[in-house]
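Just below is one structure, and these are the notes that go with it.
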Amino acid sequence: MDRVIRIGLLGCGTVGAGVVTILDRGADDVTARTGARLQITRVAVRDATKVRDLPLPQEIYTEDAMAVVEADDVDLIIEVMGGRDLAATLMRRALELGKPVVTANKELIAHEGPELAELARTAGVDLAFEAAVAGAIPIIKPLKESLAGDRITRVVGILNGTTNYILTRMTEEGAAYTDVLAEAQALGYAEADPTADVGGHDAAAKAAIIASLAFDTTVHAADVFREGIESVSATDIEVADRLGYVIKLLGIASEVDDRVAVRVHPTFLPKEHPLAGVRESFNAIYVEAEAAGELMFYGRGAGSLPTGSAVVGDVIDVARNLMQTARGPIASDHRAKPLRPIEDLQTQYYVLLAVADEPGVLAEVARTFGDHDVSIAQVWQEGSGDTAQLVLITHRSREGDLRACVESLEASSCVRKVTSVLRVESEVWS
C-alpha cells in the first residue's frame, strides 16, 4: 500500500487518546477500508514534554497548534481540543488550505457550524462532526444522508449522560439531587463545575446541531430554550412515578407550519415511551419522520473510546474521499425558517403548589387557572398542618398562558409557594 494519508491531531486528552488507540488497534482494517495507510504525523498539545502512554513518537508532539494545521506533511485535521475561539481559528485555517476537518467540538459546531460548513463547501473539502452529538451514537449521518429523502417532523433525545445518570438515581433510589450530583462527581460522570451538564447547556448545543440538520435551517445554541435539572426534587420524581411518568432531561426539536421550535428541559415522559427506559449515563435519540415513521438511536453518549469511535468513523469516510479526490454528502443549503417562540408552545404541565390548608383554596386556584385559559386535567390535595400540597396536571395549554397563570398564583394570598412547574409530554406521541 503506497498511499499514506497524514493526520494532524489537535488535542490529545480523553477523546484524542481514544482516537489514537482505535487507529492503532485497527490499523489493518482501516487501511483496507480506506485504501490508504493513515498516519498521525503531528499532534498539538498543551505540554509537549509530557510522556503519554500512546503508540506515538515523542518528537511529533508540539505546543504550536497552527504549525500542525499549516504543516506540509499533514493532509487531514482532527480537532478534539475543545473550546471555541482557538478551535474556530484553526479549523478555518485548515479549510482555507483545502484540508478536510473532522471534529468532536459540539460547542463550536452549535455556534458556528453553518459558517464553517460554507467554508468547507467553498474549499471543496469535508467537514465531519458525527462525534459532536451523542458520542458513538450515529445520528449526524442518518439526518444528513439516510433520511435525506424523507421529511423529519420531530427529534427528541436524551442528549446528556450526566443528567440522565442523576435522574436515574433519583428515580430508582429516591435520593436527593445534591446527593446524587456529589456521587456523579466522585465517579467522574460530572465535572467539578457541573453547570454545562445540569444546566442544560451541553444538551442545548447538541439540540441546535440536530435541529439544523433535521430541518435544513440555521439554529444556534443561543436559539434553544433551556432549563436544567437543578430544581427537580424528590417530590417531583415521586409524583411523576405515581402518575405513570418518569422525568428526563429532553432535547426536543420540531417543525410545524414551517416554523422550528427547539427546547431543552426536564419533562414528564410516559413510562411506556421508548426513551423512558434509557438509564444511567446512556443517551438515546428518537426521530419521527413522515415516511420512515419512528426510529430510535441508543448507546454511549460520551467517553474516550465511544467518542473516539465516532471520530475514526468520520476519518475513514473523509480518507476515502481524499483517495477519490472528492468530498462526501453535505447538508442541504440552509433556509432561514422562523423560530417558534417558547411562549407559543402547546403542551401539558405539571404544577406543584404549597397552599393554605383551608376551605375555598382549591376553588380559588381553579378559578385562577380558568382566568388564564388553562384547563385542569387532574388535581389532588394532601394536607400537612396548616399547609397543603396541591398537585395539578393541565390539559394541553399555551406556554404563555401558563406562565401568566403562575404569576397570578404567586401573587395569591392562599398560595404559599409555586414549588414546581414542569412540562408533560404525552399527547405528542399519539
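If you're wondering about the labels, chains in the C-alpha cells are A, B, ... by order shown, residues count from 1 in each chain, ligands from 1 in order shown.
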
| Which polymer residues have any atom within 12 Å of an atom of Gly293 of chain A, counting only C-alpha atoms, with same-chain residues fewer than 3 positions away left out, as a PyMOL selection string? | chain A and resi 147+150-155+286-290+296+429

Selected residues written out, N, CA, C and O atoms, as a PDB file, in the first residue's frame:
ATOM      1  N   LEU A 147     -31.867   9.771   5.853  1.00  0.00           N
ATOM      2  CA  LEU A 147     -33.227  10.313   5.869  1.00  0.00           C
ATOM      3  C   LEU A 147     -33.372  11.535   4.959  1.00  0.00           C
ATOM      4  O   LEU A 147     -34.349  12.276   5.070  1.00  0.00           O
ATOM      5  N   ASP A 150     -36.653  11.938   3.162  1.00  0.00           N
ATOM      6  CA  ASP A 150     -37.854  11.936   3.991  1.00  0.00           C
ATOM      7  C   ASP A 150     -38.052  13.332   4.586  1.00  0.00           C
ATOM      8  O   ASP A 150     -37.182  14.203   4.495  1.00  0.00           O
ATOM      9  N   ARG A 151     -39.191  13.536   5.211  1.00  0.00           N
ATOM     10  CA  ARG A 151     -39.435  14.783   5.942  1.00  0.00           C
ATOM     11  C   ARG A 151     -39.501  14.462   7.428  1.00  0.00           C
ATOM     12  O   ARG A 151     -40.389  13.743   7.882  1.00  0.00           O
ATOM     13  N   ILE A 152     -38.529  14.965   8.162  1.00  0.00           N
ATOM     14  CA  ILE A 152     -38.487  14.760   9.609  1.00  0.00           C
ATOM     15  C   ILE A 152     -39.408  15.779  10.268  1.00  0.00           C
ATOM     16  O   ILE A 152     -39.367  16.978   9.944  1.00  0.00           O
ATOM     17  N   THR A 153     -40.233  15.323  11.178  1.00  0.00           N
ATOM     18  CA  THR A 153     -41.165  16.222  11.852  1.00  0.00           C
ATOM     19  C   THR A 153     -40.749  16.542  13.287  1.00  0.00           C
ATOM     20  O   THR A 153     -41.034  17.624  13.794  1.00  0.00           O
ATOM     21  N   ARG A 154     -40.084  15.579  13.933  1.00  0.00           N
ATOM     22  CA  ARG A 154     -39.689  15.801  15.332  1.00  0.00           C
ATOM     23  C   ARG A 154     -38.497  14.929  15.682  1.00  0.00           C
ATOM     24  O   ARG A 154     -38.390  13.785  15.235  1.00  0.00           O
ATOM     25  N   VAL A 155     -37.595  15.495  16.486  1.00  0.00           N
ATOM     26  CA  VAL A 155     -36.493  14.727  17.054  1.00  0.00           C
ATOM     27  C   VAL A 155     -36.489  14.992  18.553  1.00  0.00           C
ATOM     28  O   VAL A 155     -36.518  16.146  18.990  1.00  0.00           O
ATOM     29  N   TYR A 286     -34.680   9.861  19.459  1.00  0.00           N
ATOM     30  CA  TYR A 286     -35.912   9.327  18.883  1.00  0.00           C
ATOM     31  C   TYR A 286     -36.342  10.260  17.751  1.00  0.00           C
ATOM     32  O   TYR A 286     -36.550  11.458  17.965  1.00  0.00           O
ATOM     33  N   VAL A 287     -36.423   9.708  16.542  1.00  0.00           N
ATOM     34  CA  VAL A 287     -36.716  10.515  15.351  1.00  0.00           C
ATOM     35  C   VAL A 287     -38.078  10.113  14.804  1.00  0.00           C
ATOM     36  O   VAL A 287     -38.383   8.924  14.688  1.00  0.00           O
ATOM     37  N   GLU A 288     -38.892  11.105  14.470  1.00  0.00           N
ATOM     38  CA  GLU A 288     -40.177  10.869  13.813  1.00  0.00           C
ATOM     39  C   GLU A 288     -40.117  11.474  12.409  1.00  0.00           C
ATOM     40  O   GLU A 288     -39.808  12.660  12.253  1.00  0.00           O
ATOM     41  N   ALA A 289     -40.397  10.646  11.406  1.00  0.00           N
ATOM     42  CA  ALA A 289     -40.364  11.098  10.018  1.00  0.00           C
ATOM     43  C   ALA A 289     -41.630  10.631   9.312  1.00  0.00           C
ATOM     44  O   ALA A 289     -42.244   9.632   9.697  1.00  0.00           O
ATOM     45  N   GLU A 290     -42.016  11.360   8.287  1.00  0.00           N
ATOM     46  CA  GLU A 290     -43.293  11.077   7.619  1.00  0.00           C
ATOM     47  C   GLU A 290     -43.306   9.701   6.969  1.00  0.00           C
ATOM     48  O   GLU A 290     -44.282   8.960   7.085  1.00  0.00           O
ATOM     49  N   MET A 296     -35.238   4.957  16.622  1.00  0.00           N
ATOM     50  CA  MET A 296     -34.530   5.313  17.842  1.00  0.00           C
ATOM     51  C   MET A 296     -33.082   4.861  17.760  1.00  0.00           C
ATOM     52  O   MET A 296     -32.795   3.746  17.334  1.00  0.00           O
ATOM     53  N   TRP A 429     -47.138  12.017  21.493  1.00  0.00           N
ATOM     54  CA  TRP A 429     -46.679  10.717  20.992  1.00  0.00           C
ATOM     55  C   TRP A 429     -47.775   9.999  20.203  1.00  0.00           C
ATOM     56  O   TRP A 429     -47.512   8.979  19.593  1.00  0.00           O
TER      57      TRP A 429
END

I'd like a table as CSV: residues in segment 49-121 of chain A with an atom no more than 6 Å from segment 127-132 of chain A, each row giving the shortest atom pair and its distance in Å to one decimal, only C-alpha atoms counted, sorted by chain and rising residue number.
residue,atom,partner,partner_atom,distance
A:Pro100,CA,A:Leu127,CA,5.9
A:Val101,CA,A:Leu127,CA,5.0
A:Val102,CA,A:Ala128,CA,4.7
A:Thr103,CA,A:Phe129,CA,5.0
A:Ala104,CA,A:Ala132,CA,4.2
A:Asn105,CA,A:Ala132,CA,5.3
A:Lys106,CA,A:Ala132,CA,4.4

Subject >> A:Ile40, A:Leu10, A:Ile60, A:Ala211 ranked by distance to Ala88 of chain A, top pick (using only C-alpha atoms) >> reply: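 The answer is A:Leu10, which sits nearest to Ala88 of chain A.
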
Residues within 12 Å of Ile7 of chain A, only C-alpha atoms, excluding chain neighbours under 4 positions, as a VMD selection string: chain A and resid 19 to 20 23 37 to 44 60 68 to 79 94 99 to 102 312 315 to 316 318 to 319

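Here atom CA of Gly383 of chain A is placed at a distance of 20.7 Å from atom CA of Thr368 of chain A.
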
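As for atom CA of Leu181 of chain A and atom CA of Glu425 of chain A, they are spaced 25.3 Å apart.
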
- Could you pull out all residues of segment 134-266 of chain A with a DSSP call of alpha helix (DSSP H) and give them as a VMD selection string? chain A and resid 140 to 141 161 to 173 177 to 186 195 to 198 201 to 214 234 to 243

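Among the candidates A:Ser212, A:Thr267, A:Asn160, A:Thr62, the residue lying nearest to Ala117 of chain A is A:Ser212 (atoms considered: only C-alpha atoms).
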
| request: Might you pull out every residue within 12 Å of segment 342-347 of chain A, with only C-alpha atoms counted and same-chain residues fewer than 5 positions away left off, and present them as number ranges by chain? | output: A: 223-227, 252-256, 259-265, 267-268, 374-375, 393-404, 422-429

Item to complete: Identify which of the residues A:Ala192, A:Ala110, A:Ala310, A:Ile247 lies closest to Thr218 of chain A, counting only C-alpha atoms when measuring atom-to-atom distances.
Response: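 Of all the options, A:Ala110 lies closest to Thr218 of chain A.
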
Requested in this report: Compare A:Pro57, A:Gly385, A:Gly370, A:Gly16 by their minimum atom-to-atom distance to Val80 of chain A, counting only C-alpha atoms, and give me the closest one.
Outcome: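 Closest candidate: A:Gly16.
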
Within 12 Å of Ala354 of chain A using only C-alpha atoms, minus same-chain residues under 3 positions, as a PyMOL selection string: chain A and resi 351+357+361-362+365+381-392+409-410+412-420

Fill in: Residue nearest Arg52 of chain A among A:Leu143, A:Val239, A:Ala17, A:Ala284 (counting only C-alpha atoms)
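Checking each candidate against Arg52 of chain A, we get A:Ala17 as the closest.
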
Which residue of A:Gly35, A:Gly303, A:Gly149, A:Gly328 approaches Gly13 of chain A most closely, using only C-alpha atoms: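 Among the listed residues, the smallest separation from Gly13 of chain A belongs to A:Gly303.
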
Point-to-point distance in Å for atom CA of Gly113 of chain A and atom CA of Ala196 of chain A: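 Distance between the two atoms: 19.4 Å.
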
Using only C-alpha atoms, which protein or nucleic acid residues come within 7 Å of Gly161 of chain A? Drop anything in the same chain fewer than 5 positions from it, and give the result as a list in words.
Ser281, Phe282, Asn283 and Gly301 of chain A
